[in-house]
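Below: the structure, in structure tokens.
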Number of protein chains: 2
Amino acid sequence: MTSLTPQQSAALIETAHALADAAGPKILRHFRRSGLSADDKSAAGAGFDPVTEADRASERAMRAVLAERRPEDAILGEEFGQQIGDSGLTWILDPIDGTRAFLAGAPTWGVLIAVADAAGPVLGVIDQPYTQERFVGGLGQALWTGPHGGGPLRVRQTTHLDEAILFSTFPEVGTPAEGAAFQRVAQEARLVRYGMDCYAYALLAAGQIDLVIEAGLHVYDIAAPLAVIEAAGGIVTNWQGGPAHQGGQVIAAATPDLHARALERLQAPLS
Amino acid sequence: MTSLTPQQSAALIETAHALADAAGPKILRHFRRSGLSADDKSAAGAGFDPVTEADRASERAMRAVLAERRPEDAILGEEFGQQIGDSGLTWILDPIDGTRAFLAGAPTWGVLIAVADAAGPVLGVIDQPYTQERFVGGLGQALWTGPHGGGPLRVRQTTHLDEAILFSTFPEVGTPAEGAAFQRVAQEARLVRYGMDCYAYALLAAGQIDLVIEAGLHVYDIAAPLAVIEAAGGIVTNWQGGPAHQGGQVIAAATPDLHARALERLQAPLS
């Protein structure tokens, strides 16, 4: 990991907050407004991947902040791609994670902001402008704020699947094989819920749930959640137990024991 | 429907707000606090039906308001059962709809408050104290308020399944046959989402989504959503097209055309 001075870390945290502050109002202007256009950017209608004006306005606003404050850093954004830099740091931006939730008017989408060095994300923010909640983790911080207060982010100490609350965004999870692997974990969990997008990762970091298992994630879907959950004491890997920051199949767990038990179920059917 | 004077209607609306105002703080005291006890009130662990201190405190607070303001009305509450009255009106209270969401820290639970006469609900409130959103419908009102403003509640004019956003709380929906019936609608819908509890009905009334289909509902799960959605111009029935206010299998739709198309799929497989 890049060695940062306290001043450098503070500047990154301050910029991350400034990005979230810039994105929120741009998005709220469009949230629950009728007449929202939803392009389908996936080829041949294979899947439903809406891009909204809000998505673009959010990322534009964040890029403008970075152009002013951090012109030397690289940027990887969902909507406008890659911009090179020479500082060794990359801002990874998902202007609206959970565009389907957004289109449905549900406040479980979020703005995802991460800073990564060559080894992966070092700071993450999950921001929900409608509910006015923000979850920040990394560079020594692990904090959330919300409309009725806030506090430290800390995973809870769940070690067994039958005590665990498990979330995924879709019940299908991914391919049929991925769905079957997920169900092997789900059938042993205390409670399974769907439909929360990035908000599920925030709930895990906040000690409210215990497992999130997803597949088919992009780099910008997982960078910020990974930093937030690790800062809260949790563990995030791919389904093979390796690094998760490139996306794909991701499992986030409150404790190493719970992680190991879930990973075992993901990897092989019990016979 | 009972004939009410404008003054009587205003008094009911005022009392409904007072109930929501009383319940919210009692619940928020427990929301996302660790050490929350979760009894299992279903027999022999068949299903996961947590009852929390928050549930009971919420209903107690609402019953105290009714005892003072409306001693002549009957009450039907999820936690403390039935109290008779002689006014012809019954308050139907679900102190926390979506206790599983509540246990997971997700802000998609709600306080459900309805007033019914012999013909069914005449006024409903769906209140989400954490996000500070309130949806009110009936007796001439159809309004929502939230942290960033509010406005009239009005369903949108979706008529075809391939334009419709469909919600249900669980992908299983109910029995295998109920699940299969749901999937016949789901496979034709534009987008299907899970996990919103009563919040989905609020989103339908607010013109954000188009269909909610559920099974196994209790009277207190559907009374308030039914009043709110009908006030917003939508239609709520059981899966046979009959009255839904007794619970069971429920379908809520934005328009009669969309309702008819979904009902057809629910009732018979396409061959």
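Letters A, B, ... go to the chains of the structure tokens in the order shown; residues in each chain start at 1; ligands are counted from 1 in the same order.
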Restrict the calculation to only C-alpha atoms, then for each residue of stretch 52-99 of chain B with any atom at most 10 Å from an atom of stretch 209-219 of chain B give the closest atom pair and their distance in Å to one decimal, rows by chain and rising residue number, as JSON lines.
{"residue": "B:Leu76", "atom": "CA", "partner": "B:Val219", "partner_atom": "CA", "distance": 9.0}
{"residue": "B:Gly77", "atom": "CA", "partner": "B:Val219", "partner_atom": "CA", "distance": 9.6}
{"residue": "B:Glu78", "atom": "CA", "partner": "B:His218", "partner_atom": "CA", "distance": 8.9}
{"residue": "B:Ile92", "atom": "CA", "partner": "B:Val219", "partner_atom": "CA", "distance": 7.9}
{"residue": "B:Leu93", "atom": "CA", "partner": "B:Val219", "partner_atom": "CA", "distance": 9.4}
{"residue": "B:Asp94", "atom": "CA", "partner": "B:Val219", "partner_atom": "CA", "distance": 9.3}
Restricted to C-alpha atoms, what would the selected residues look like written as a tab-separated table (two decimals), in the first residue's frame?
chain	number	residue	atom	x	y	z
B	76	LEU	CA	-57.28	-4.47	15.47
B	77	GLY	CA	-53.52	-4.56	16.06
B	78	GLU	CA	-50.90	-7.11	15.06
B	92	ILE	CA	-56.13	-1.45	11.93
B	93	LEU	CA	-52.52	-1.20	13.14
B	94	ASP	CA	-49.35	-2.93	12.02
message: Distance limit 7 Å, atoms considered: only C-alpha atoms. Which chain A residues sit that close to chain B? Return them as a PyMOL selection string.
response: chain A and resi 32+104-105+131+171+193-195+203+208-209
Problem - Members of stretch 47-231 of chain A assigned strand (DSSP E) by DSSP, as a VMD selection string - result: chain A and resid 50 to 51 74 to 77 81 to 83 90 to 97 110 to 117 120 to 128 133 to 138 141 to 146 149 to 152 165 to 168 191 to 194 211 to 217
All residues 12 Å or closer to A:Ser9, only C-alpha atoms, same chain fewer than 4 positions away omitted, as JSON, numbers by chain
{"A": [2, 3, 4, 5, 13, 14, 15, 16, 89, 115, 122, 123, 137, 138, 139, 140, 141]}
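Take atom CA of B:Asp55 and atom CA of B:Glu79: the distance between them is 7.4 Å.
One finds atom CA of B:Leu112 at 16.1 Å from atom CA of B:Thr52.
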Based on the backbone DSSP call, show me all residues of stretch 36-204 of chain B assigned helix (DSSP H, G or I), as a ChimeraX atom specification. /B:43-45,53-69,99-103,161-163,176-186,199-204
*Residue neighbourhood A:Thr90, 6 Å, only C-alpha atoms, exclusion window fewer than 5 positions, as an MDAnalysis selection string*: chainID A and resid 73:75 115:116
Using N, CA and C atoms, can you export the residues from the last selection as a PDB file, in the first residue's frame?
ATOM      1  N   ASP A  73      -4.344  12.731 -10.077  1.00  0.00           N
ATOM      2  CA  ASP A  73      -4.832  11.366  -9.844  1.00  0.00           C
ATOM      3  C   ASP A  73      -5.550  10.824 -11.085  1.00  0.00           C
ATOM      4  N   ALA A  74      -5.505   9.512 -11.243  1.00  0.00           N
ATOM      5  CA  ALA A  74      -6.264   8.862 -12.311  1.00  0.00           C
ATOM      6  C   ALA A  74      -7.729   8.728 -11.888  1.00  0.00           C
ATOM      7  N   ILE A  75      -8.613   8.515 -12.860  1.00  0.00           N
ATOM      8  CA  ILE A  75     -10.044   8.315 -12.589  1.00  0.00           C
ATOM      9  C   ILE A  75     -10.532   7.126 -13.408  1.00  0.00           C
ATOM     10  N   VAL A 115     -10.790   5.381  -3.487  1.00  0.00           N
ATOM     11  CA  VAL A 115      -9.434   5.721  -3.925  1.00  0.00           C
ATOM     12  C   VAL A 115      -8.607   4.449  -3.808  1.00  0.00           C
ATOM     13  N   ALA A 116      -7.919   4.103  -4.895  1.00  0.00           N
ATOM     14  CA  ALA A 116      -7.111   2.888  -4.892  1.00  0.00           C
ATOM     15  C   ALA A 116      -5.666   3.214  -5.257  1.00  0.00           C
TER      16      ALA A 116
END
Pairwise distance, atom CA of A:Gln7 with atom CA of A:Ile222, equals 26.3 Å
So that I can check the surroundings of A:Gly242, please list as a compact mmCIF listing (two decimals) with C-alpha atoms, in the first residue's frame every protein, DNA and RNA residue that reaches within 12 Å of it, counting only C-alpha atoms and ignoring chain neighbours fewer than 6 positions away.
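Output file around-v8.txt is given in full below:
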# COMPACT_ATOMS: atom_id res chain seq x y z
CA ILE A 235 -13.55 -9.54 5.04
CA VAL A 236 -14.19 -9.28 1.28
CA GLY A 248 -16.68 -10.69 -10.55
CA GLN A 249 -17.88 -13.14 -7.89
CA VAL A 250 -17.72 -11.40 -4.52
CA ILE A 251 -18.37 -12.51 -0.95
CA ALA A 252 -18.31 -10.07 1.97
CA LEU A 263 -16.84 -20.13 1.00
Selection near stretch 65-71 of chain A, 9 Å with only C-alpha atoms, sequence-local residues under 3 positions removed, as a tab-separated table (two decimals) with N, CA and C atoms, in the first residue's frame:
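Everything below was put into out-v4.tsv:
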chain	number	residue	atom	x	y	z
A	15	THR	N	-11.56	15.13	0.13
A	15	THR	CA	-11.99	15.12	-1.27
A	15	THR	C	-13.11	14.12	-1.50
A	18	ALA	N	-16.19	15.68	-0.49
A	18	ALA	CA	-16.56	16.72	-1.47
A	18	ALA	C	-17.19	16.10	-2.71
A	19	LEU	N	-16.70	14.93	-3.12
A	19	LEU	CA	-17.29	14.25	-4.27
A	19	LEU	C	-18.73	13.83	-3.97
A	22	ALA	N	-21.00	16.73	-3.96
A	22	ALA	CA	-21.27	17.26	-5.31
A	22	ALA	C	-22.27	16.37	-6.05
A	60	ARG	N	-20.25	13.56	-13.79
A	60	ARG	CA	-19.68	14.83	-14.27
A	60	ARG	C	-19.33	15.74	-13.10
A	61	ALA	N	-20.23	15.83	-12.14
A	61	ALA	CA	-19.99	16.69	-10.98
A	61	ALA	C	-18.77	16.22	-10.19
A	62	MET	N	-18.62	14.91	-10.05
A	62	MET	CA	-17.47	14.39	-9.30
A	62	MET	C	-16.17	14.61	-10.07
A	74	ALA	N	-5.51	9.51	-11.24
A	74	ALA	CA	-6.26	8.86	-12.31
A	74	ALA	C	-7.73	8.73	-11.89
A	75	ILE	N	-8.61	8.51	-12.86
A	75	ILE	CA	-10.04	8.31	-12.59
A	75	ILE	C	-10.53	7.13	-13.41
A	85	GLY	N	-3.40	9.30	-14.83
A	85	GLY	CA	-2.81	10.23	-13.87
A	85	GLY	C	-1.42	9.74	-13.54
A	91	TRP	N	-9.12	7.30	-8.55
A	91	TRP	CA	-10.48	7.45	-8.01
A	91	TRP	C	-11.40	6.56	-8.81
